[in-house]
file work_34.tsv (TSV, C-alpha atoms)
chain	number	residue	atom	x	y	z
A	1	MET	CA	28.59	90.21	8.39
A	2	ILE	CA	28.50	86.58	7.32
A	3	LYS	CA	25.11	85.80	8.88
A	4	PRO	CA	23.23	88.77	7.33
A	5	MET	CA	24.75	88.01	3.91
A	6	PHE	CA	23.76	84.34	4.27
A	7	LYS	CA	20.21	85.35	5.19
A	8	LEU	CA	20.04	87.70	2.23
A	9	ALA	CA	21.23	84.95	-0.14
A	10	LEU	CA	18.70	82.50	1.32
A	11	ILE	CA	15.82	84.96	0.93
A	12	SER	CA	16.89	85.72	-2.65
A	13	SER	CA	17.00	82.02	-3.54
A	14	VAL	CA	13.51	81.47	-2.09
A	15	LEU	CA	12.12	84.42	-4.08
A	16	LEU	CA	13.76	83.21	-7.28
A	17	ALA	CA	12.41	79.71	-6.71
A	18	GLY	CA	8.93	81.16	-6.24
A	19	LEU	CA	9.24	83.14	-9.46
A	20	SER	CA	10.42	80.10	-11.40
A	21	GLN	CA	7.35	78.17	-10.21
A	22	ALA	CA	4.86	80.95	-10.98
A	23	ALA	CA	2.00	79.90	-13.25
A	24	GLU	CA	2.30	80.68	-16.94
A	25	VAL	CA	-1.47	80.98	-17.28
A	26	THR	CA	-4.06	82.17	-14.76
A	27	LEU	CA	-7.73	81.41	-15.41
A	28	LYS	CA	-10.37	83.48	-13.60
A	29	PHE	CA	-13.45	81.25	-13.41
A	30	GLY	CA	-16.58	83.01	-12.11
A	31	HIS	CA	-20.03	81.43	-11.85
A	32	PRO	CA	-23.41	81.94	-10.07
A	33	ALA	CA	-23.56	78.80	-7.88
A	34	ASN	CA	-22.69	78.76	-4.19
A	35	GLU	CA	-19.94	76.60	-2.73
A	36	GLU	CA	-22.32	73.75	-1.82
A	37	ASN	CA	-23.70	73.45	-5.35
A	38	ILE	CA	-22.52	70.60	-7.58
A	39	TRP	CA	-21.53	73.17	-10.24
A	40	HIS	CA	-18.94	74.62	-7.90
A	41	LYS	CA	-17.74	71.17	-6.90
A	42	ALA	CA	-17.28	70.44	-10.61
A	43	ALA	CA	-15.35	73.71	-11.02
A	44	MET	CA	-13.09	72.58	-8.18
A	45	LYS	CA	-12.47	69.34	-10.08
A	46	PHE	CA	-11.47	71.37	-13.15
A	47	LYS	CA	-9.04	73.39	-11.02
A	48	GLU	CA	-7.52	70.24	-9.53
A	49	VAL	CA	-7.01	68.52	-12.91
A	50	ALA	CA	-5.73	71.60	-14.77
A	51	GLU	CA	-3.22	72.55	-12.08
A	52	THR	CA	-2.02	68.98	-11.49
A	53	GLU	CA	-1.67	67.97	-15.13
A	54	SER	CA	0.17	71.20	-15.95
A	55	ASN	CA	2.53	70.85	-12.96
A	56	GLY	CA	1.45	74.29	-11.78
A	57	ARG	CA	1.87	76.04	-15.12
A	58	ILE	CA	-1.89	76.72	-15.01
A	59	GLU	CA	-3.51	78.41	-12.00
A	60	VAL	CA	-7.31	78.42	-11.74
A	61	LYS	CA	-8.93	81.03	-9.52
A	62	LEU	CA	-12.55	80.23	-8.67
A	63	TYR	CA	-15.15	82.93	-7.94
A	64	PRO	CA	-18.49	81.32	-6.94
A	65	SER	CA	-21.71	83.09	-5.88
A	66	GLU	CA	-21.50	85.82	-8.55
A	67	GLN	CA	-18.29	87.25	-7.05
A	68	LEU	CA	-17.29	88.45	-10.54
A	69	GLY	CA	-20.84	89.69	-11.25
A	70	LYS	CA	-24.06	88.28	-12.63
A	71	GLU	CA	-24.12	85.95	-15.63
A	72	MET	CA	-24.26	88.65	-18.32
A	73	ASP	CA	-21.60	90.71	-16.54
A	74	VAL	CA	-19.16	87.79	-16.53
A	75	ILE	CA	-19.86	87.03	-20.20
A	76	ASN	CA	-19.02	90.64	-21.04
A	77	SER	CA	-15.89	90.46	-18.89
A	78	ILE	CA	-14.67	87.38	-20.76
A	79	GLN	CA	-15.25	89.16	-24.07
A	80	LEU	CA	-13.22	92.11	-22.74
A	81	GLY	CA	-10.48	89.85	-21.43
A	82	THR	CA	-10.88	90.65	-17.72
A	83	ALA	CA	-12.33	87.20	-16.86
A	84	ASP	CA	-11.75	83.84	-18.51
A	85	MET	CA	-14.42	81.24	-17.73
A	86	THR	CA	-18.03	80.93	-16.59
A	87	ILE	CA	-21.10	78.70	-16.60
A	88	THR	CA	-23.86	79.92	-18.92
A	89	GLY	CA	-26.78	78.73	-21.01
A	90	GLU	CA	-29.71	80.07	-22.98
A	91	SER	CA	-28.74	83.66	-22.12
A	92	LEU	CA	-26.27	83.33	-24.98
A	93	GLN	CA	-29.20	83.60	-27.42
A	94	ASN	CA	-28.66	87.36	-27.18
A	95	TRP	CA	-25.74	86.72	-29.56
A	96	ALA	CA	-26.32	83.18	-30.82
A	97	PRO	CA	-30.06	82.57	-31.52
A	98	LYS	CA	-29.63	78.79	-31.63
A	99	ALA	CA	-28.75	78.86	-27.91
A	100	ALA	CA	-32.46	79.49	-27.22
A	101	LEU	CA	-33.01	75.78	-27.92
A	102	MET	CA	-31.14	74.98	-24.72
A	103	ALA	CA	-34.34	75.77	-22.76
A	104	VAL	CA	-37.49	75.40	-24.88
A	105	PRO	CA	-40.66	73.84	-23.36
A	106	TYR	CA	-41.06	70.20	-24.36
A	107	ALA	CA	-38.16	70.22	-26.82
A	108	PHE	CA	-36.76	67.43	-24.64
A	109	THR	CA	-38.83	64.91	-22.70
A	110	SER	CA	-36.10	62.68	-21.26
A	111	SER	CA	-32.53	62.86	-20.06
A	112	GLU	CA	-31.53	60.32	-22.70
A	113	GLN	CA	-32.98	62.39	-25.55
A	114	LEU	CA	-31.28	65.53	-24.26
A	115	THR	CA	-27.91	63.80	-23.95
A	116	LYS	CA	-28.19	62.43	-27.49
A	117	ALA	CA	-28.97	65.90	-28.84
A	118	VAL	CA	-26.20	67.70	-26.95
A	119	ASN	CA	-23.61	65.13	-28.03
A	120	GLY	CA	-24.90	65.07	-31.62
A	121	GLU	CA	-25.61	67.43	-34.50
A	122	VAL	CA	-27.90	69.73	-32.50
A	123	GLY	CA	-25.30	70.35	-29.80
A	124	LYS	CA	-22.61	70.84	-32.41
A	125	GLU	CA	-24.66	73.52	-34.23
A	126	ILE	CA	-25.39	75.36	-30.99
A	127	SER	CA	-21.84	75.24	-29.61
A	128	GLU	CA	-20.31	76.30	-32.93
A	129	GLN	CA	-22.62	79.30	-33.23
A	130	ILE	CA	-21.84	80.27	-29.63
A	131	THR	CA	-18.11	80.21	-30.35
A	132	GLN	CA	-18.46	82.09	-33.65
A	133	ARG	CA	-20.73	84.84	-32.35
A	134	THR	CA	-19.73	85.26	-28.71
A	135	GLY	CA	-16.05	84.35	-28.65
A	136	LEU	CA	-16.79	81.83	-25.87
A	137	LYS	CA	-15.83	78.20	-26.43
A	138	PRO	CA	-17.86	75.48	-24.63
A	139	ILE	CA	-15.53	72.93	-23.04
A	140	ALA	CA	-18.09	70.99	-20.97
A	141	TRP	CA	-21.85	70.75	-20.46
A	142	PHE	CA	-24.01	69.99	-17.41
A	143	GLU	CA	-27.59	68.76	-17.48
A	144	ARG	CA	-29.96	70.92	-15.48
A	145	GLY	CA	-32.76	69.45	-13.41
A	146	PRO	CA	-36.09	69.47	-15.29
A	147	ARG	CA	-38.56	72.17	-14.31
A	148	HIS	CA	-41.66	70.83	-12.55
A	149	LEU	CA	-44.90	72.48	-11.45
A	150	THR	CA	-45.77	72.73	-7.75
A	151	SER	CA	-49.31	73.41	-6.51
A	152	ASN	CA	-51.82	72.68	-3.79
A	153	ARG	CA	-54.02	70.59	-6.07
A	154	LYS	CA	-53.09	67.68	-8.29
A	155	ILE	CA	-52.44	68.59	-11.92
A	156	MET	CA	-52.99	65.57	-14.15
A	157	THR	CA	-53.93	67.21	-17.47
A	158	PRO	CA	-53.82	70.74	-18.94
A	159	ASP	CA	-57.52	71.09	-18.06
A	160	ASP	CA	-56.54	71.04	-14.38
A	161	LEU	CA	-54.59	74.28	-14.95
A	162	ASN	CA	-57.70	76.37	-15.66
A	163	GLY	CA	-57.62	79.43	-13.43
A	164	LEU	CA	-54.29	78.49	-11.80
A	165	LYS	CA	-52.28	81.63	-11.03
A	166	LEU	CA	-48.78	80.50	-11.83
A	167	ARG	CA	-45.53	82.34	-11.20
A	168	VAL	CA	-43.13	82.15	-14.13
A	169	PRO	CA	-39.77	83.85	-14.82
A	170	ASN	CA	-39.94	86.86	-17.12
A	171	VAL	CA	-39.33	84.80	-20.26
A	172	PRO	CA	-41.85	85.55	-23.06
A	173	LEU	CA	-41.75	81.98	-24.38
A	174	PHE	CA	-42.60	80.59	-20.93
A	175	VAL	CA	-45.51	83.04	-20.54
A	176	LYS	CA	-46.98	82.15	-23.95
A	177	THR	CA	-46.63	78.42	-23.33
A	178	TRP	CA	-48.40	78.46	-19.98
A	179	GLN	CA	-51.17	80.64	-21.41
A	180	ALA	CA	-51.66	78.07	-24.17
A	181	LEU	CA	-51.82	75.32	-21.55
A	182	GLY	CA	-54.64	77.14	-19.73
A	183	ALA	CA	-52.92	78.66	-16.70
A	184	LYS	CA	-52.69	82.32	-15.75
A	185	PRO	CA	-48.91	82.96	-15.82
A	186	ILE	CA	-47.62	85.83	-13.70
A	187	PRO	CA	-44.00	86.95	-14.30
A	188	MET	CA	-42.38	87.56	-10.92
A	189	ALA	CA	-38.93	87.77	-9.36
A	190	PHE	CA	-37.90	84.50	-7.71
A	191	SER	CA	-37.29	86.29	-4.41
A	192	GLU	CA	-41.03	87.14	-4.19
A	193	VAL	CA	-42.37	83.64	-4.85
A	194	PHE	CA	-42.44	82.14	-1.33
A	195	THR	CA	-44.34	85.08	0.19
A	196	SER	CA	-46.76	85.19	-2.76
A	197	LEU	CA	-47.52	81.47	-2.31
A	198	GLN	CA	-47.92	81.96	1.43
A	199	GLN	CA	-50.39	84.82	0.90
A	200	ASN	CA	-52.22	83.01	-1.94
A	201	THR	CA	-51.39	85.77	-4.39
A	202	ILE	CA	-50.35	82.91	-6.68
A	203	ASP	CA	-51.34	79.24	-6.63
A	204	GLY	CA	-48.22	77.58	-7.98
A	205	GLN	CA	-44.74	77.94	-9.42
A	206	GLU	CA	-42.37	75.92	-11.60
A	207	ASN	CA	-38.68	75.17	-11.02
A	208	PRO	CA	-36.18	72.31	-10.76
A	209	LEU	CA	-36.28	70.16	-7.62
A	210	SER	CA	-33.08	71.79	-6.36
A	211	LEU	CA	-34.75	75.21	-6.15
A	212	ILE	CA	-38.04	73.80	-4.85
A	213	ASN	CA	-36.04	72.35	-1.97
A	214	SER	CA	-33.61	75.20	-1.29
A	215	ALA	CA	-36.47	77.77	-1.33
A	216	SER	CA	-38.49	75.63	1.14
A	217	PHE	CA	-41.55	75.61	-1.12
A	218	TYR	CA	-42.58	72.40	0.66
A	219	GLU	CA	-43.82	74.65	3.47
A	220	VAL	CA	-46.43	76.26	1.20
A	221	GLN	CA	-47.00	73.70	-1.60
A	222	LYS	CA	-48.37	70.16	-1.37
A	223	TYR	CA	-47.74	68.62	-4.80
A	224	VAL	CA	-44.82	68.30	-7.20
A	225	ASN	CA	-46.46	67.67	-10.55
A	226	LEU	CA	-43.79	66.03	-12.71
A	227	THR	CA	-44.50	68.07	-15.84
A	228	GLY	CA	-40.79	68.16	-16.77
A	229	HIS	CA	-41.79	70.92	-19.17
A	230	VAL	CA	-38.28	72.31	-19.61
A	231	ARG	CA	-35.24	70.07	-19.73
A	232	SER	CA	-32.09	71.98	-20.45
A	233	TRP	CA	-28.36	72.05	-20.17
A	234	ILE	CA	-25.70	74.63	-19.50
A	235	TYR	CA	-22.17	75.09	-20.80
A	236	VAL	CA	-18.86	75.76	-19.11
A	237	VAL	CA	-17.17	78.20	-21.48
A	238	ILE	CA	-13.73	79.74	-21.83
A	239	GLY	CA	-12.75	82.81	-23.84
A	240	GLN	CA	-11.60	81.62	-27.27
A	241	ASP	CA	-8.89	84.30	-27.40
A	242	LYS	CA	-7.60	83.23	-23.99
A	243	LEU	CA	-7.48	79.59	-25.03
A	244	ASN	CA	-5.73	80.41	-28.31
A	245	SER	CA	-3.10	82.48	-26.49
A	246	MET	CA	-1.97	79.44	-24.49
A	247	PRO	CA	0.77	76.99	-25.59
A	248	ALA	CA	-0.66	73.96	-27.42
A	249	ASP	CA	0.12	71.56	-24.58
A	250	LEU	CA	-1.70	73.74	-22.03
A	251	GLN	CA	-4.70	74.08	-24.37
A	252	ALA	CA	-4.89	70.27	-24.47
A	253	ILE	CA	-4.77	70.13	-20.66
A	254	VAL	CA	-7.60	72.68	-20.35
A	255	LEU	CA	-9.78	70.68	-22.75
A	256	ASP	CA	-9.02	67.43	-20.93
A	257	ALA	CA	-9.79	69.05	-17.57
A	258	GLY	CA	-13.11	70.15	-19.09
A	259	LYS	CA	-13.96	66.56	-20.04
A	260	GLN	CA	-13.04	65.25	-16.60
A	261	MET	CA	-15.10	68.01	-14.95
A	262	GLN	CA	-18.10	67.08	-17.12
A	263	THR	CA	-17.89	63.37	-16.20
A	264	TYR	CA	-17.52	64.25	-12.52
A	265	GLU	CA	-20.55	66.59	-12.57
A	266	HIS	CA	-22.77	64.11	-14.45
A	267	LYS	CA	-22.23	61.49	-11.73
A	268	MET	CA	-23.08	63.99	-8.99
A	269	PHE	CA	-26.15	65.24	-10.89
A	270	ALA	CA	-27.82	61.81	-11.14
A	271	SER	CA	-27.27	61.15	-7.44
A	272	ASP	CA	-28.40	64.66	-6.48
A	273	GLU	CA	-31.73	64.42	-8.37
A	274	ALA	CA	-32.62	61.11	-6.68
A	275	GLN	CA	-31.77	62.50	-3.25
A	276	LEU	CA	-33.81	65.66	-3.82
A	277	ARG	CA	-36.99	63.67	-4.43
A	278	THR	CA	-36.44	61.71	-1.23
A	279	THR	CA	-35.81	64.94	0.68
A	280	LEU	CA	-38.96	66.65	-0.61
A	281	GLU	CA	-41.07	63.57	0.15
A	282	SER	CA	-39.69	63.57	3.68
A	283	HIS	CA	-40.99	67.15	3.99
A	284	GLY	CA	-44.47	65.94	3.05
A	285	MET	CA	-44.63	66.74	-0.66
A	286	GLU	CA	-46.47	64.28	-2.89
A	287	PHE	CA	-45.20	63.55	-6.40
A	288	VAL	CA	-47.77	63.39	-9.19
A	289	THR	CA	-47.25	61.96	-12.70
A	290	PRO	CA	-49.41	63.92	-15.19
A	291	ASP	CA	-50.35	63.07	-18.79
A	292	LEU	CA	-47.18	64.41	-20.42
A	293	GLU	CA	-48.36	63.77	-23.98
A	294	ALA	CA	-51.40	65.98	-23.38
A	295	PHE	CA	-49.18	68.78	-22.05
A	296	LYS	CA	-46.71	68.44	-24.89
A	297	ALA	CA	-49.38	68.44	-27.60
A	298	LYS	CA	-51.12	71.52	-26.23
A	299	ALA	CA	-47.86	73.47	-25.79
A	300	LYS	CA	-46.49	72.62	-29.23
A	301	GLU	CA	-48.29	75.32	-31.24
A	302	ALA	CA	-47.38	78.12	-28.83
A	303	VAL	CA	-43.74	77.07	-28.80
A	304	GLN	CA	-43.45	76.85	-32.58
A	305	GLU	CA	-45.11	80.23	-33.12
A	306	ALA	CA	-42.59	81.87	-30.78
A	307	LEU	CA	-39.49	80.53	-32.56
A	308	THR	CA	-37.71	82.12	-35.52
A	309	ASP	CA	-37.28	80.11	-38.72
A	310	GLU	CA	-33.68	79.28	-37.76
A	311	GLN	CA	-34.70	78.16	-34.28
A	312	LEU	CA	-37.70	76.21	-35.57
A	313	GLU	CA	-35.48	74.24	-37.95
A	314	LEU	CA	-33.33	73.16	-35.01
A	315	PHE	CA	-36.41	72.44	-32.88
A	316	LYS	CA	-37.65	70.02	-35.56
A	317	LYS	CA	-34.27	68.26	-35.57
A	318	ILE	CA	-34.65	67.73	-31.83
call {"tool": "encode", "arguments": {"input": "work_34.tsv", "output": "structure tokens"}}
result
Amino acid sequence: MIKPMFKLALISSVLLAGLSQAAEVTLKFGHPANEENIWHKAAMKFKEVAETESNGRIEVKLYPSEQLGKEMDVINSIQLGTADMTITGESLQNWAPKAALMAVPYAFTSSEQLTKAVNGEVGKEISEQITQRTGLKPIAWFERGPRHLTSNRKIMTPDDLNGLKLRVPNVPLFVKTWQALGAKPIPMAFSEVFTSLQQNTIDGQENPLSLINSASFYEVQKYVNLTGHVRSWIYVVIGQDKLNSMPADLQAIVLDAGKQMQTYEHKMFASDEAQLRTTLESHGMEFVTPDLEAFKAKAKEAVQEALTDEQLELFKKI
């Protein structure tokens, strides 16, 4: 009888110890990037810092590759309280119109200018409106690689775009801007782009270097024209209600983990962009530097006409 009772006591003590160490707060963090992407690596950094600094009182569960659903689905889940964190950007303009300025053609023409805006008054206005109107609080931001134009002929000025059948995402502002620049924009799902380039249904496409590389566009496109026409950023957000429900010391840890995640991602981003260019050049792509001022000047009118008064005011501040 002694041995079974001893075993029972031992098992009970182990279970009680496990319960005493259970996390006070669990954060479900879903995002669209795969496990090799620097966004997921940054999310892993957040998990490490939050769990370590809280001595296990916070548990972060990561769900990459849209495991919790697509971007809008996860946003809705956070608002309903069934998810807690995600990575999102200009899609938030559905609630907060100022978020549209996170991805407007030629609003930003350098990484330095974008960083200054995000960390200054412009970023403050956007993040505050996001929190007020969506219930999502930004706790970190990541710069996204600038969108560049690929083609099989060099594009030096907007005049070189005449007649170019260009795939664009189904974003009205992007369509209007490329029409103003002289191209023939064709909205198309990203999954159809490679085959359409291969069959000459379209002549070019525009995306960050990361997608140009991962989609193997170097097999069907010769030039990367460094138009840099959209420079943007994206936020890591947490449900405001979820954050407010946490003890003050754990809230502080979450915010600190957000800052450390942001610093970690920014270092990876700079290195990643440099490596991507080298990789694409090794695949035979040639990089072209167009007349950016000519592109910017010609796009300006189309961009301004597409913005609301509220958005235009912010655009002018940028």
call {"tool": "closest_residue", "arguments": {"input": "work_34.tsv", "among": "A:Ile234, A:Ile126, A:Ala107, A:Leu312", "to": "Glu265 in chain A", "atoms": "only C-alpha atoms"}}
result
A:Ile234
call {"tool": "axis_aligned_box", "arguments": {"input": "work_34.tsv", "around": "range 171-174 of chain A", "padding_each_side": "3 Å", "output": "AutoDock Vina command-line options"}}
result
--center_x -41.0 --center_y 83.1 --center_z -22.3 --size_x 9.3 --size_y 11.0 --size_z 10.1
call {"tool": "closest_residue", "arguments": {"input": "work_34.tsv", "among": "A:Lys242, A:Lys298, A:Arg57, A:Arg144", "to": "Asp272 in chain A", "atoms": "only C-alpha atoms"}}
result
A:Arg144
call {"tool": "atom_distance", "arguments": {"input": "work_34.tsv", "atom1": "CA of Ala270 in chain A", "atom2": "CA of Thr109 in chain A"}}
result
16.3 Å
call {"tool": "closest_residue", "arguments": {"input": "work_34.tsv", "among": "A:Gly239, A:Pro169, A:Ser216, A:Leu164", "to": "Gln251 in chain A", "atoms": "all atoms listed in the file"}}
result
A:Gly239
